[in-house]
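protein.txt, holding compact mmCIF, C-alpha atoms:
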```txt
# COMPACT_ATOMS: atom_id res chain seq x y z
CA ALA A 164 23.93 -71.56 11.14
CA LYS A 165 23.51 -68.20 9.46
CA ARG A 166 24.76 -65.18 11.32
CA SER A 167 22.38 -62.35 12.01
CA LEU A 168 22.86 -59.30 9.81
CA MET A 169 20.97 -57.01 12.22
CA PRO A 170 23.01 -54.51 14.26
CA GLY A 171 24.33 -56.18 17.39
CA GLY A 172 23.66 -59.61 15.95
CA GLY A 173 27.34 -60.42 15.83
CA GLY A 174 27.37 -61.01 12.07
CA ARG A 175 29.21 -59.17 9.32
CA ARG A 176 27.22 -56.94 6.97
CA VAL A 177 27.39 -57.84 3.33
CA SER A 178 28.06 -54.85 1.08
CA ARG A 179 26.05 -54.78 -2.12
CA PRO A 180 26.58 -52.35 -5.02
CA VAL A 181 24.08 -49.46 -5.22
CA PRO A 182 21.97 -49.60 -8.40
CA TRP A 183 22.92 -46.87 -10.92
CA TRP A 184 19.39 -45.45 -10.85
CA TRP A 185 19.09 -45.09 -7.07
CA PRO A 186 20.76 -41.62 -6.68
CA ARG A 187 18.43 -40.25 -9.34
CA VAL A 188 15.39 -41.59 -7.50
CA VAL A 189 16.59 -39.98 -4.26
CA LEU A 190 17.27 -36.62 -5.93
CA ALA A 191 13.91 -36.68 -7.71
CA GLY A 192 12.14 -37.49 -4.45
CA CYS A 193 13.85 -34.62 -2.64
CA ALA A 194 12.98 -32.21 -5.43
CA MET A 195 9.32 -33.27 -5.41
CA ALA A 196 9.13 -32.94 -1.63
CA LYS A 197 10.65 -29.46 -1.76
CA PHE A 198 8.25 -28.40 -4.52
CA ALA A 199 5.24 -29.75 -2.65
CA SER A 200 6.36 -28.01 0.52
CA SER A 201 6.83 -24.66 -1.19
CA LEU A 202 3.50 -25.01 -3.00
CA GLY A 203 1.68 -25.75 0.21
CA THR A 204 3.32 -22.79 1.93
CA ALA A 205 2.45 -20.41 -0.91
CA GLU A 206 -1.15 -21.56 -1.01
CA SER A 207 -1.55 -21.26 2.75
CA LYS A 208 -0.35 -17.67 2.91
CA LYS A 209 -3.14 -15.12 2.70
CA VAL A 210 -3.18 -11.35 2.81
CA MET A 211 -6.07 -9.42 4.28
CA LEU A 212 -6.70 -5.82 3.25
CA PHE A 213 -8.64 -3.13 5.09
CA GLY A 214 -9.73 0.27 3.81
CA VAL A 215 -9.17 -0.46 0.11
CA SER A 216 -12.74 -0.78 -1.17
CA GLY A 217 -13.30 2.95 -1.63
CA GLY A 218 -11.52 6.05 -2.89
CA THR A 219 -8.14 5.18 -4.37
CA GLY A 220 -7.82 1.98 -2.32
CA PRO A 221 -8.23 -0.33 -5.35
CA ARG A 222 -5.02 1.11 -6.76
CA ALA A 223 -3.20 -0.27 -3.70
CA VAL A 224 -4.82 -3.64 -4.45
CA GLN A 225 -3.56 -3.46 -8.02
CA GLY A 226 -0.05 -2.73 -6.75
CA LEU A 227 -0.19 -5.76 -4.47
CA LEU A 228 -1.29 -8.00 -7.36
CA GLU A 229 1.46 -6.59 -9.58
CA GLY A 230 3.83 -7.42 -6.73
CA GLY A 231 3.16 -11.12 -7.27
CA TRP A 232 0.12 -12.00 -5.16
CA GLU A 233 -2.48 -14.29 -6.67
CA PRO A 234 -5.98 -12.75 -6.49
CA SER A 235 -7.37 -15.89 -4.81
CA SER A 236 -5.04 -15.25 -1.84
CA VAL A 237 -6.13 -11.61 -1.49
CA HIS A 238 -9.01 -11.08 0.96
CA ILE A 239 -10.56 -7.61 0.95
CA VAL A 240 -12.71 -6.45 3.84
CA SER A 241 -15.67 -4.21 3.09
CA ARG A 242 -18.89 -3.32 4.89
CA ASN A 243 -20.58 -3.03 1.48
CA PRO A 244 -19.59 -6.09 -0.60
CA SER A 245 -22.21 -5.28 -3.27
CA SER A 246 -20.62 -1.94 -4.19
CA ARG A 247 -19.37 -1.42 -7.74
CA THR A 248 -15.79 -1.33 -6.55
CA CYS A 249 -16.16 -4.64 -4.69
CA LEU A 250 -17.78 -6.21 -7.74
CA ASN A 251 -14.76 -5.14 -9.80
CA LEU A 252 -12.41 -6.57 -7.20
CA ARG A 253 -14.34 -9.84 -7.11
CA GLU A 254 -14.28 -10.08 -10.93
CA SER A 255 -10.50 -9.75 -10.73
CA GLY A 256 -10.39 -12.90 -8.61
CA CYS A 257 -10.02 -11.31 -5.17
CA ARG A 258 -12.05 -12.56 -2.22
CA ILE A 259 -14.49 -10.11 -0.62
CA VAL A 260 -15.12 -10.45 3.11
CA GLU A 261 -17.96 -8.56 4.76
CA ALA A 262 -17.15 -6.81 8.04
CA ASP A 263 -17.45 -3.40 9.64
CA LEU A 264 -14.71 -1.87 11.79
CA GLU A 265 -17.47 -0.19 13.78
CA ASP A 266 -18.53 -3.69 14.85
CA SER A 267 -15.81 -5.53 16.77
CA ALA A 268 -17.65 -8.87 16.57
CA SER A 269 -17.95 -8.83 12.76
CA THR A 270 -14.30 -7.78 12.46
CA ALA A 271 -13.16 -10.64 14.71
CA ARG A 272 -15.30 -13.16 12.79
CA ALA A 273 -13.87 -12.06 9.45
CA ILE A 274 -10.29 -12.36 10.67
CA GLU A 275 -10.99 -15.75 12.25
CA ARG A 276 -12.46 -16.97 8.98
CA VAL A 277 -9.51 -15.83 6.83
CA ARG A 278 -6.61 -16.36 9.28
CA PRO A 279 -4.24 -14.08 7.34
CA THR A 280 -0.47 -14.34 7.24
CA PHE A 281 -0.08 -10.73 6.15
CA VAL A 282 -2.24 -7.64 6.60
CA TYR A 283 -2.35 -4.34 4.72
CA VAL A 284 -4.30 -1.45 6.25
CA HIS A 285 -4.84 1.41 3.84
CA GLY A 286 -6.85 3.34 6.38
CA THR A 287 -9.39 3.12 9.18
CA GLY A 288 -10.93 6.53 8.52
CA GLY A 289 -12.88 8.01 5.64
CA ASP A 290 -11.31 10.11 2.87
CA THR A 291 -13.19 13.22 3.95
CA ARG A 292 -12.40 16.92 4.16
CA GLU A 293 -13.45 16.93 7.79
CA LEU A 294 -11.21 15.00 10.17
CA ASP A 295 -12.63 11.54 10.93
CA THR A 296 -12.25 11.51 14.70
CA ARG A 297 -13.14 7.80 15.02
CA GLU A 298 -10.15 6.68 12.95
CA VAL A 299 -8.04 5.74 15.98
CA GLU A 300 -10.94 3.96 17.68
CA ARG A 301 -11.44 1.75 14.62
CA ALA A 302 -7.72 1.05 14.46
CA ALA A 303 -7.78 -0.09 18.09
CA THR A 304 -10.74 -2.39 17.34
CA LEU A 305 -8.89 -3.86 14.38
CA ALA A 306 -5.64 -4.22 16.34
CA ALA A 307 -7.37 -6.20 19.11
CA ALA A 308 -8.99 -8.56 16.60
CA LEU A 309 -5.74 -9.10 14.69
CA ALA A 310 -3.78 -9.71 17.90
CA ALA A 311 -6.07 -12.66 18.64
CA SER A 312 -5.22 -14.26 15.29
CA PRO A 313 -2.07 -16.45 15.33
CA GLY A 314 0.46 -16.51 12.52
CA ILE A 315 0.48 -12.88 11.36
CA GLU A 316 4.01 -12.21 10.09
CA CYS A 317 3.70 -8.55 9.09
CA LEU A 318 1.15 -5.74 9.13
CA ALA A 319 1.84 -2.95 6.63
CA TYR A 320 0.05 0.28 7.49
CA ASN A 321 -0.41 3.34 5.28
CA SER A 322 0.76 6.11 7.60
CA ALA A 323 2.08 9.66 7.15
CA ALA A 324 5.63 10.98 6.97
CA ALA A 325 6.46 14.13 8.94
CA GLU A 326 9.03 15.48 11.34
CA ARG A 327 8.25 16.30 14.96
CA GLY A 328 6.22 19.41 15.59
CA HIS A 329 4.44 19.14 12.23
CA GLY A 330 1.21 20.61 13.63
CA VAL A 331 -1.20 18.50 11.53
CA ALA A 332 -4.06 16.77 13.37
CA ARG A 333 -4.58 14.24 10.56
CA ILE A 334 -0.96 13.09 10.85
CA ASP A 335 -1.29 12.88 14.65
CA GLN A 336 -4.20 10.47 14.16
CA LYS A 337 -2.15 8.31 11.79
CA ARG A 338 0.61 8.09 14.40
CA ALA A 339 -1.95 7.20 17.08
CA CYS A 340 -3.12 4.33 14.87
CA GLU A 341 0.49 3.12 14.67
CA VAL A 342 0.62 3.13 18.47
CA ALA A 343 -2.58 1.05 18.64
CA PHE A 344 -1.08 -1.60 16.36
CA ARG A 345 2.24 -1.65 18.23
CA GLU A 346 0.67 -1.85 21.67
CA ALA A 347 -1.38 -4.84 20.49
CA GLY A 348 1.94 -6.62 19.83
CA LEU A 349 1.52 -6.77 16.06
CA PRO A 350 4.61 -6.92 13.76
CA LEU A 351 4.08 -3.46 12.26
CA CYS A 352 5.73 -1.92 9.22
CA ALA A 353 4.49 1.68 8.98
CA LEU A 354 4.75 2.87 5.36
CA ARG A 355 4.79 6.62 5.84
CA ALA A 356 3.88 8.60 2.71
CA ASN A 357 3.84 12.37 2.37
CA LEU A 358 1.57 13.42 -0.52
CA PHE A 359 -0.33 11.05 -2.78
CA MET A 360 -0.24 11.82 -6.49
CA GLU A 361 -3.88 10.77 -6.73
CA GLU A 362 -4.88 13.83 -4.66
CA LEU A 363 -4.23 15.90 -7.78
CA TRP A 364 -7.15 14.13 -9.47
CA LYS A 365 -9.73 15.62 -7.10
CA ASP A 366 -12.34 17.99 -8.46
CA TYR A 367 -10.88 21.09 -6.87
CA THR A 368 -7.47 20.59 -8.55
CA ARG A 369 -7.46 18.69 -11.84
CA PRO A 370 -10.17 20.39 -13.98
CA ALA A 371 -8.41 23.76 -14.02
CA ILE A 372 -5.09 22.12 -14.83
CA VAL A 373 -6.41 20.04 -17.72
CA ALA A 374 -8.93 22.48 -19.21
CA LYS A 375 -7.24 25.82 -18.55
CA ARG A 376 -3.60 24.71 -18.37
CA ARG A 377 -3.21 26.57 -15.08
CA PHE A 378 -1.78 24.98 -11.92
CA THR A 379 -2.56 27.05 -8.83
CA PHE A 380 -0.99 25.92 -5.57
CA SER A 381 -0.21 27.58 -2.24
CA VAL A 382 3.26 26.04 -1.95
CA PRO A 383 6.29 27.93 -3.35
CA ALA A 384 7.30 27.01 -6.91
CA ASP A 385 10.70 25.64 -5.86
CA LYS A 386 9.65 23.66 -2.76
CA PRO A 387 10.42 19.92 -3.13
CA LEU A 388 7.35 17.74 -2.59
CA TYR A 389 7.64 14.01 -1.92
CA LEU A 390 4.98 12.36 -4.04
CA THR A 391 3.74 8.79 -3.68
CA CYS A 392 1.58 6.80 -6.09
CA VAL A 393 -1.06 4.82 -4.18
CA LYS A 394 -0.39 1.81 -6.39
CA ASP A 395 3.18 1.81 -5.04
CA MET A 396 1.87 1.35 -1.49
CA GLY A 397 0.56 -2.05 -2.58
CA ARG A 398 3.80 -2.85 -4.37
CA LEU A 399 5.86 -1.89 -1.32
CA ALA A 400 3.62 -3.99 0.92
CA ALA A 401 4.18 -6.96 -1.40
CA GLU A 402 7.93 -6.40 -1.15
CA VAL A 403 8.07 -6.21 2.64
CA PHE A 404 5.84 -9.28 2.90
CA ALA A 405 8.17 -11.26 0.62
CA ARG A 406 11.47 -9.98 2.00
CA PRO A 407 11.87 -9.87 5.79
CA ASP A 408 15.19 -8.04 5.35
CA LEU A 409 13.27 -5.01 4.03
CA ARG A 410 10.84 -4.80 6.92
CA ARG A 411 11.23 -1.79 9.15
CA GLU A 412 9.09 -0.58 12.01
CA VAL A 413 8.95 2.77 10.21
CA LEU A 414 9.70 3.37 6.53
CA ASP A 415 9.35 6.83 4.96
CA VAL A 416 8.31 6.28 1.35
CA ALA A 417 8.00 8.37 -1.80
CA SER A 418 7.74 7.46 -5.47
CA ASP A 419 9.21 10.69 -6.82
CA VAL A 420 10.19 14.19 -5.74
CA ARG A 421 9.06 17.26 -7.72
CA THR A 422 8.64 20.97 -7.13
CA PRO A 423 5.30 22.61 -8.02
CA GLN A 424 7.01 24.25 -11.00
CA GLN A 425 8.27 20.88 -12.24
CA MET A 426 4.78 19.45 -11.80
CA ALA A 427 3.32 22.34 -13.81
CA ASP A 428 5.84 21.66 -16.57
CA ALA A 429 4.73 18.01 -16.66
CA PHE A 430 1.11 19.20 -16.92
CA GLY A 431 2.02 21.62 -19.71
CA ALA A 432 0.51 24.32 -17.52
CA ASP A 433 1.47 27.69 -16.07
CA PHE A 434 2.18 27.80 -12.35
CA LYS A 435 0.82 30.43 -10.00
CA ARG A 436 1.30 30.50 -6.25
CA ASP A 437 -2.00 31.20 -4.49
CA ARG A 438 -1.15 33.10 -1.30
CA LEU A 439 -4.71 34.39 -0.89
CA PHE A 440 -6.18 30.89 -0.61
CA PHE A 441 -3.60 30.00 2.02
CA TRP A 442 -4.81 32.77 4.31
CA LEU A 443 -8.50 32.25 3.53
CA SER A 444 -8.19 28.56 4.38
CA LYS A 445 -7.17 29.52 7.89
CA LEU A 446 -10.68 30.92 8.38
CA VAL A 447 -12.87 28.54 6.36
CA ALA A 448 -10.88 25.27 6.35
CA PRO A 449 -8.47 25.22 9.30
CA GLU A 450 -7.47 21.58 8.87
CA LEU A 451 -6.59 22.16 5.21
CA HIS A 452 -4.65 25.23 6.32
CA GLN A 453 -2.61 22.99 8.66
CA ILE A 454 -1.72 20.69 5.78
CA ILE A 455 -0.75 23.50 3.39
CA LYS A 456 1.35 25.15 6.11
CA PHE A 457 3.08 21.83 6.71
CA TYR A 458 4.01 21.45 3.03
CA ILE A 459 5.35 25.00 2.97
CA ASN A 460 7.48 24.68 6.12
CA THR A 461 8.50 21.02 6.27
CA ASP A 462 12.17 20.06 6.20
CA LEU A 463 11.36 16.40 5.60
CA HIS A 464 13.83 14.50 3.44
CA ILE A 465 13.13 11.10 1.87
CA ASP A 466 15.91 9.39 -0.08
CA VAL A 467 13.95 8.35 -3.18
CA GLN A 468 17.04 7.08 -4.98
CA ARG A 469 17.88 4.81 -2.04
CA LEU A 470 14.34 3.44 -2.10
CA ARG A 471 14.66 2.70 -5.82
CA THR A 472 17.93 0.89 -5.15
CA ASP A 473 16.56 -1.14 -2.22
CA TYR A 474 13.29 -2.16 -3.84
CA GLY A 475 14.43 -2.49 -7.44
CA PRO A 476 12.81 -1.46 -10.73
CA GLY A 477 9.06 -1.49 -11.24
CA VAL A 478 8.12 -0.74 -7.63
CA LEU A 479 8.14 3.07 -7.55
CA THR A 480 6.27 5.14 -10.14
CA SER A 481 7.74 8.36 -11.54
CA PHE A 482 5.44 11.36 -11.78
CA ASP A 483 5.50 11.26 -15.58
CA ASP A 484 4.59 7.56 -15.59
CA PHE A 485 1.75 8.27 -13.16
CA LEU A 486 0.25 10.83 -15.53
CA GLN A 487 0.44 8.35 -18.39
CA ASP A 488 -0.84 5.39 -16.35
CA THR A 489 -3.92 7.27 -15.10
CA ARG A 490 -4.59 8.95 -18.49
CA TRP A 491 -4.37 12.36 -16.89
CA PHE A 492 -5.25 14.34 -20.02
CA ASP A 493 -8.40 12.33 -20.84
CA LEU A 494 -11.22 14.80 -20.17
CA ASP A 495 -13.80 12.01 -19.88
CA ARG A 496 -12.13 10.61 -16.80
CA THR A 497 -12.70 11.77 -13.22
CA TYR A 498 -11.37 11.01 -9.75
CA ASP A 499 -13.93 8.20 -9.47
CA SER A 500 -12.43 6.56 -12.56
CA LEU A 501 -9.38 5.66 -10.50
CA SER A 502 -11.41 3.27 -8.36
CA THR A 503 -14.07 2.01 -10.78
CA ASP A 504 -12.00 0.96 -13.76
CA VAL A 505 -8.48 0.44 -12.49
CA LEU A 506 -8.78 -3.34 -12.03
CA VAL A 507 -10.52 -4.18 -15.30
CA PRO A 508 -7.25 -5.15 -17.08
CA LEU A 509 -6.51 -7.61 -14.27
CA ALA A 510 -9.78 -9.53 -14.56
CA ARG A 511 -9.15 -13.24 -15.14
```

With the file now loaded, output its structure as C-alpha cells.
Amino acid sequence: AKRSLMPGGGGRRVSRPVPWWWPRVVLAGCAMAKFASSLGTAESKKVMLFGVSGGTGPRAVQGLLEGGWEPSSVHIVSRNPSSRTCLNLRESGCRIVEADLEDSASTARAIERVRPTFVYVHGTGGDTRELDTREVERAATLAAALAASPGIECLAYNSAAAERGHGVARIDQKRACEVAFREAGLPLCALRANLFMEELWKDYTRPAIVAKRRFTFSVPADKPLYLTCVKDMGRLAAEVFARPDLRREVLDVASDVRTPQQMADAFGADFKRDRLFFWLSKLVAPELHQIIKFYINTDLHIDVQRLRTDYGPGVLTSFDDFLQDTRWFDLDRTYDSLSTDVLVPLAR
C-alpha cells in the first residue's frame, strides 16, 4: 500500500528539484502585485481644493500640478463652474465640482461625491479690501462637512504668519479658521505665509512701478519682508501630502526674503518711503493701516534657507524668478492675467 504524503499521514515526503524557472515566476508575480497595488493606491487618492477658482488661486493649482498631481485627481470646488477661470481649469484636465460654502448641504454633497484623501484650502473668504467677516463661519461649515468624510490624511490650509500681539484683524480670522479645522478633528497643516508676491500685481501698486519706475511703499527701505509666491503654496501642499515626515501642525513659509530697496532694485525702480500714506490710511483705510503697521513693526523670522533645504529645489520661487515667470514688465498684462492665462501651458 502507498503511504500518504499528506501531513500527519505517516508517510515520508518526496523531495523534488525546483524547476529553474520557478523563482523567476515568483519574483515576477510579486513585482506585478506590487505595481498593481501602488497603481490602485495612486488612482484612488484625490485632492479637493477650496477657494482656488478666483483671484490668484489658480496659481496654487498650478503649483500642485507641478508638484506631481495628475489633473484628473484634482477636484476644484466652485460655486460658479461656468466662470472663465473654471473653464481654464477644466481644459487643463482638473475636475470642477459645484458647491457653495454658504450652503452646508451642497458642501457636504460635494465632499461625499469626491471622498478626498487630501484637502487644500486656499481661503474661505473673498480677496476684498474690506474684511470678510463670514470667513470663519464658512470655515466652520467646511470643517464639519470634511470631518464627516472618512479617509482624509491631511488638510493644508493657507494661513498667515505673525507673532503674538500682531494687531491685525485679518490674521486673527485666519487663526480662527485654523481653530475651526482643529476642533473638527481634522489633520491640519497650517501653511502660514506673510506677504504674497502676487499682491504687487494689484492696480494700486504695479502700474507706477512698471510705467514710472518708482516704487512707493510705507515700509522702511531696509526692513526684511518675507515674500511667498502663491504657486509655491500648491507646491508645498503637494510636498506635505506626499511626505508625512514634513507635515507640521503649523509651518511658517516664505519663498524669499527681500527689503523694499532690494525689491526696487529688481524692478529697476527708485524707492521712496511713503510716510504720508501710512498716516492717511489710519483715517480712510484702518484695516490696511493695521497691515502696514504690522509689516513695519514685526520681528517675525522665517528660515528660508532651511525651507529650501527641507523641501528641495524647484519648490520655492525666488523673487527674481517670480518677476520672470509672471512677465512682470509686460505692459499688456494685468492682475487678472495671473488667473486667466496661468494654466494654458498645462492644458492636455

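Nearest-residue note for A:Ser418: choosing from A:Leu479, A:Ile372, A:Ala400, A:Ile459, the minimum distance belongs to A:Leu479, counting only C-alpha atoms.
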
Given all atoms listed in the file as the counted atoms, nearest of A:Leu501, A:Leu443, A:Ala371, A:Ile454 to A:Ile334: A:Ile454

Shell around A:Ala303 at 12 Å using all atoms listed in the file, local window under 4 positions removed, as number ranges by chain: A: 264-267, 270, 287, 297-299, 307-310, 336-337, 339-349

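The space separating atom CA of A:Val260 from atom CA of A:Pro244 comes to 7.3 Å.
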
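Relative to atom CA of A:Trp232, atom CA of A:Ala353 is found at 20.2 Å.
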
Between atom CA of A:Leu486 and atom CA of A:Phe457, distance in Å (one decimal): 25.0 Å

Around all the atoms of stretch 419-429 of chain A listed in the file, draw an axis-aligned box and extend it by 8 Å on each of the six sides; I want its centre and edge lengths in Å to one decimal, as AutoDock Vina command-line options.
```
--center_x 6.8 --center_y 17.5 --center_z -11.2 --size_x 22.9 --size_y 29.6 --size_z 26.9
```

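Among the candidates A:Glu275, A:Ser235, A:His329, A:Arg242, the residue lying nearest to A:Cys257 is A:Ser235 (atoms considered: only C-alpha atoms).
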
Among the residues A:Leu390, A:Ser500, A:Gln425, A:Val224, the one that comes closest to A:Asp466 [using all atoms listed in the file]: A:Leu390

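Using only C-alpha atoms, the contacts of A:Val382 at a cut-off of 9 Å, with sequence neighbours closer than 2 positions omitted, comprise Phe380, Ala384, Asp385, Lys386, Pro423, Arg436, Asp437, Arg438, Phe441, Ile455, Lys456, Tyr458 and Ile459 of chain A.
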
Of the listed residues A:Asp483, A:Glu316, A:Asp395, A:Asp428, that which approaches A:Leu227 most closely, counting only C-alpha atoms: A:Asp395

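Using only C-alpha atoms, the nearest neighbour of A:Ala417 within the list A:Ala432, A:Leu363, A:Ile465, A:Val284 is A:Ile465.
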
Within 9 Å of stretch 406-409 of chain A using all atoms listed in the file, minus same-chain residues under 5 positions, as a list in words: Cys317, Ala401, Asp473 and Tyr474 of chain A

Closest-contact table, stretch 194-275 of chain A side, partner stretch 495-498 of chain A, 12 Å, counting all atoms listed in the file, as a Markdown table:
```
| residue | atom | partner | partner_atom | distance |
| --- | --- | --- | --- | --- |
| A:Gly217 | CA | A:Tyr498 | CA | 11.6 |
| A:Gly218 | CA | A:Tyr498 | CA | 8.5 |
| A:Thr219 | CA | A:Tyr498 | CA | 8.6 |
```

Around the point (8.8, 13.3, -15.5) (coordinates from the file), which residues reach within 10 Å if we count all atoms listed in the file? Answer as a PDB file with C-alpha atoms, keeping the file's coordinate frame.
```pdb
ATOM      1  CA  ASP A 419       9.210  10.690  -6.820  1.00  0.00           C
ATOM      2  CA  VAL A 420      10.190  14.190  -5.740  1.00  0.00           C
ATOM      3  CA  ARG A 421       9.060  17.260  -7.720  1.00  0.00           C
ATOM      4  CA  GLN A 425       8.270  20.880 -12.240  1.00  0.00           C
ATOM      5  CA  MET A 426       4.780  19.450 -11.800  1.00  0.00           C
ATOM      6  CA  ASP A 428       5.840  21.660 -16.570  1.00  0.00           C
ATOM      7  CA  ALA A 429       4.730  18.010 -16.660  1.00  0.00           C
ATOM      8  CA  PHE A 430       1.110  19.200 -16.920  1.00  0.00           C
ATOM      9  CA  SER A 481       7.740   8.360 -11.540  1.00  0.00           C
ATOM     10  CA  PHE A 482       5.440  11.360 -11.780  1.00  0.00           C
ATOM     11  CA  ASP A 483       5.500  11.260 -15.580  1.00  0.00           C
ATOM     12  CA  ASP A 484       4.590   7.560 -15.590  1.00  0.00           C
ATOM     13  CA  PHE A 485       1.750   8.270 -13.160  1.00  0.00           C
ATOM     14  CA  LEU A 486       0.250  10.830 -15.530  1.00  0.00           C
TER      15      LEU A 486
END
```

Output as a JSON list (two decimals), keeping the file's coordinate frame: stretch 239-265 of chain A, completed with N, CA and C atoms.
```
[["chain", "number", "residue", "atom", "x", "y", "z"],
["A", 239, "ILE", "N", -10.28, -9.04, 0.78],
["A", 239, "ILE", "CA", -10.56, -7.61, 0.95],
["A", 239, "ILE", "C", -11.79, -7.43, 1.83],
["A", 240, "VAL", "N", -11.63, -6.67, 2.89],
["A", 240, "VAL", "CA", -12.71, -6.45, 3.84],
["A", 240, "VAL", "C", -13.50, -5.21, 3.44],
["A", 241, "SER", "N", -14.80, -5.35, 3.42],
["A", 241, "SER", "CA", -15.67, -4.21, 3.09],
["A", 241, "SER", "C", -17.00, -4.37, 3.83],
["A", 242, "ARG", "N", -17.56, -3.26, 4.27],
["A", 242, "ARG", "CA", -18.89, -3.32, 4.89],
["A", 242, "ARG", "C", -19.99, -3.28, 3.84],
["A", 243, "ASN", "N", -19.61, -3.07, 2.57],
["A", 243, "ASN", "CA", -20.58, -3.03, 1.48],
["A", 243, "ASN", "C", -20.08, -3.88, 0.31],
["A", 244, "PRO", "N", -20.16, -5.21, 0.43],
["A", 244, "PRO", "CA", -19.59, -6.09, -0.60],
["A", 244, "PRO", "C", -20.30, -6.02, -1.95],
["A", 245, "SER", "N", -21.48, -5.38, -2.00],
["A", 245, "SER", "CA", -22.21, -5.28, -3.27],
["A", 245, "SER", "C", -21.89, -3.98, -4.02],
["A", 246, "SER", "N", -20.96, -3.19, -3.52],
["A", 246, "SER", "CA", -20.62, -1.94, -4.19],
["A", 246, "SER", "C", -19.95, -2.23, -5.54],
["A", 247, "ARG", "N", -19.97, -1.24, -6.41],
["A", 247, "ARG", "CA", -19.37, -1.42, -7.74],
["A", 247, "ARG", "C", -17.90, -1.75, -7.64],
["A", 248, "THR", "N", -17.22, -1.07, -6.71],
["A", 248, "THR", "CA", -15.79, -1.33, -6.55],
["A", 248, "THR", "C", -15.54, -2.77, -6.10],
["A", 249, "CYS", "N", -16.33, -3.25, -5.16],
["A", 249, "CYS", "CA", -16.16, -4.64, -4.69],
["A", 249, "CYS", "C", -16.48, -5.64, -5.79],
["A", 250, "LEU", "N", -17.47, -5.32, -6.62],
["A", 250, "LEU", "CA", -17.78, -6.21, -7.74],
["A", 250, "LEU", "C", -16.60, -6.29, -8.70],
["A", 251, "ASN", "N", -15.95, -5.14, -8.95],
["A", 251, "ASN", "CA", -14.76, -5.14, -9.80],
["A", 251, "ASN", "C", -13.64, -5.98, -9.18],
["A", 252, "LEU", "N", -13.46, -5.82, -7.89],
["A", 252, "LEU", "CA", -12.41, -6.57, -7.20],
["A", 252, "LEU", "C", -12.70, -8.07, -7.24],
["A", 253, "ARG", "N", -13.97, -8.42, -7.06],
["A", 253, "ARG", "CA", -14.34, -9.84, -7.11],
["A", 253, "ARG", "C", -14.12, -10.40, -8.52],
["A", 254, "GLU", "N", -14.48, -9.62, -9.55],
["A", 254, "GLU", "CA", -14.28, -10.08, -10.93],
["A", 254, "GLU", "C", -12.80, -10.28, -11.24],
["A", 255, "SER", "N", -11.94, -9.59, -10.54],
["A", 255, "SER", "CA", -10.50, -9.75, -10.73],
["A", 255, "SER", "C", -9.95, -10.98, -10.01],
["A", 256, "GLY", "N", -10.81, -11.66, -9.28],
["A", 256, "GLY", "CA", -10.39, -12.90, -8.61],
["A", 256, "GLY", "C", -10.14, -12.75, -7.13],
["A", 257, "CYS", "N", -10.24, -11.52, -6.60],
["A", 257, "CYS", "CA", -10.02, -11.31, -5.17],
["A", 257, "CYS", "C", -11.23, -11.80, -4.37],
["A", 258, "ARG", "N", -10.98, -12.12, -3.11],
["A", 258, "ARG", "CA", -12.05, -12.56, -2.22],
["A", 258, "ARG", "C", -12.56, -11.35, -1.43],
["A", 259, "ILE", "N", -13.88, -11.21, -1.36],
["A", 259, "ILE", "CA", -14.49, -10.11, -0.62],
["A", 259, "ILE", "C", -15.05, -10.66, 0.69],
["A", 260, "VAL", "N", -14.68, -10.02, 1.79],
["A", 260, "VAL", "CA", -15.12, -10.45, 3.11],
["A", 260, "VAL", "C", -15.91, -9.30, 3.74],
["A", 261, "GLU", "N", -17.12, -9.61, 4.17],
["A", 261, "GLU", "CA", -17.96, -8.56, 4.76],
["A", 261, "GLU", "C", -17.66, -8.39, 6.24],
["A", 262, "ALA", "N", -17.37, -7.15, 6.63],
["A", 262, "ALA", "CA", -17.15, -6.81, 8.04],
["A", 262, "ALA", "C", -17.17, -5.29, 8.17],
["A", 263, "ASP", "N", -17.38, -4.83, 9.38],
["A", 263, "ASP", "CA", -17.45, -3.40, 9.64],
["A", 263, "ASP", "C", -16.57, -3.10, 10.85],
["A", 264, "LEU", "N", -15.60, -2.20, 10.69],
["A", 264, "LEU", "CA", -14.71, -1.87, 11.79],
["A", 264, "LEU", "C", -15.43, -1.18, 12.94],
["A", 265, "GLU", "N", -16.67, -0.74, 12.69],
["A", 265, "GLU", "CA", -17.47, -0.19, 13.78],
["A", 265, "GLU", "C", -18.03, -1.31, 14.67]]
```
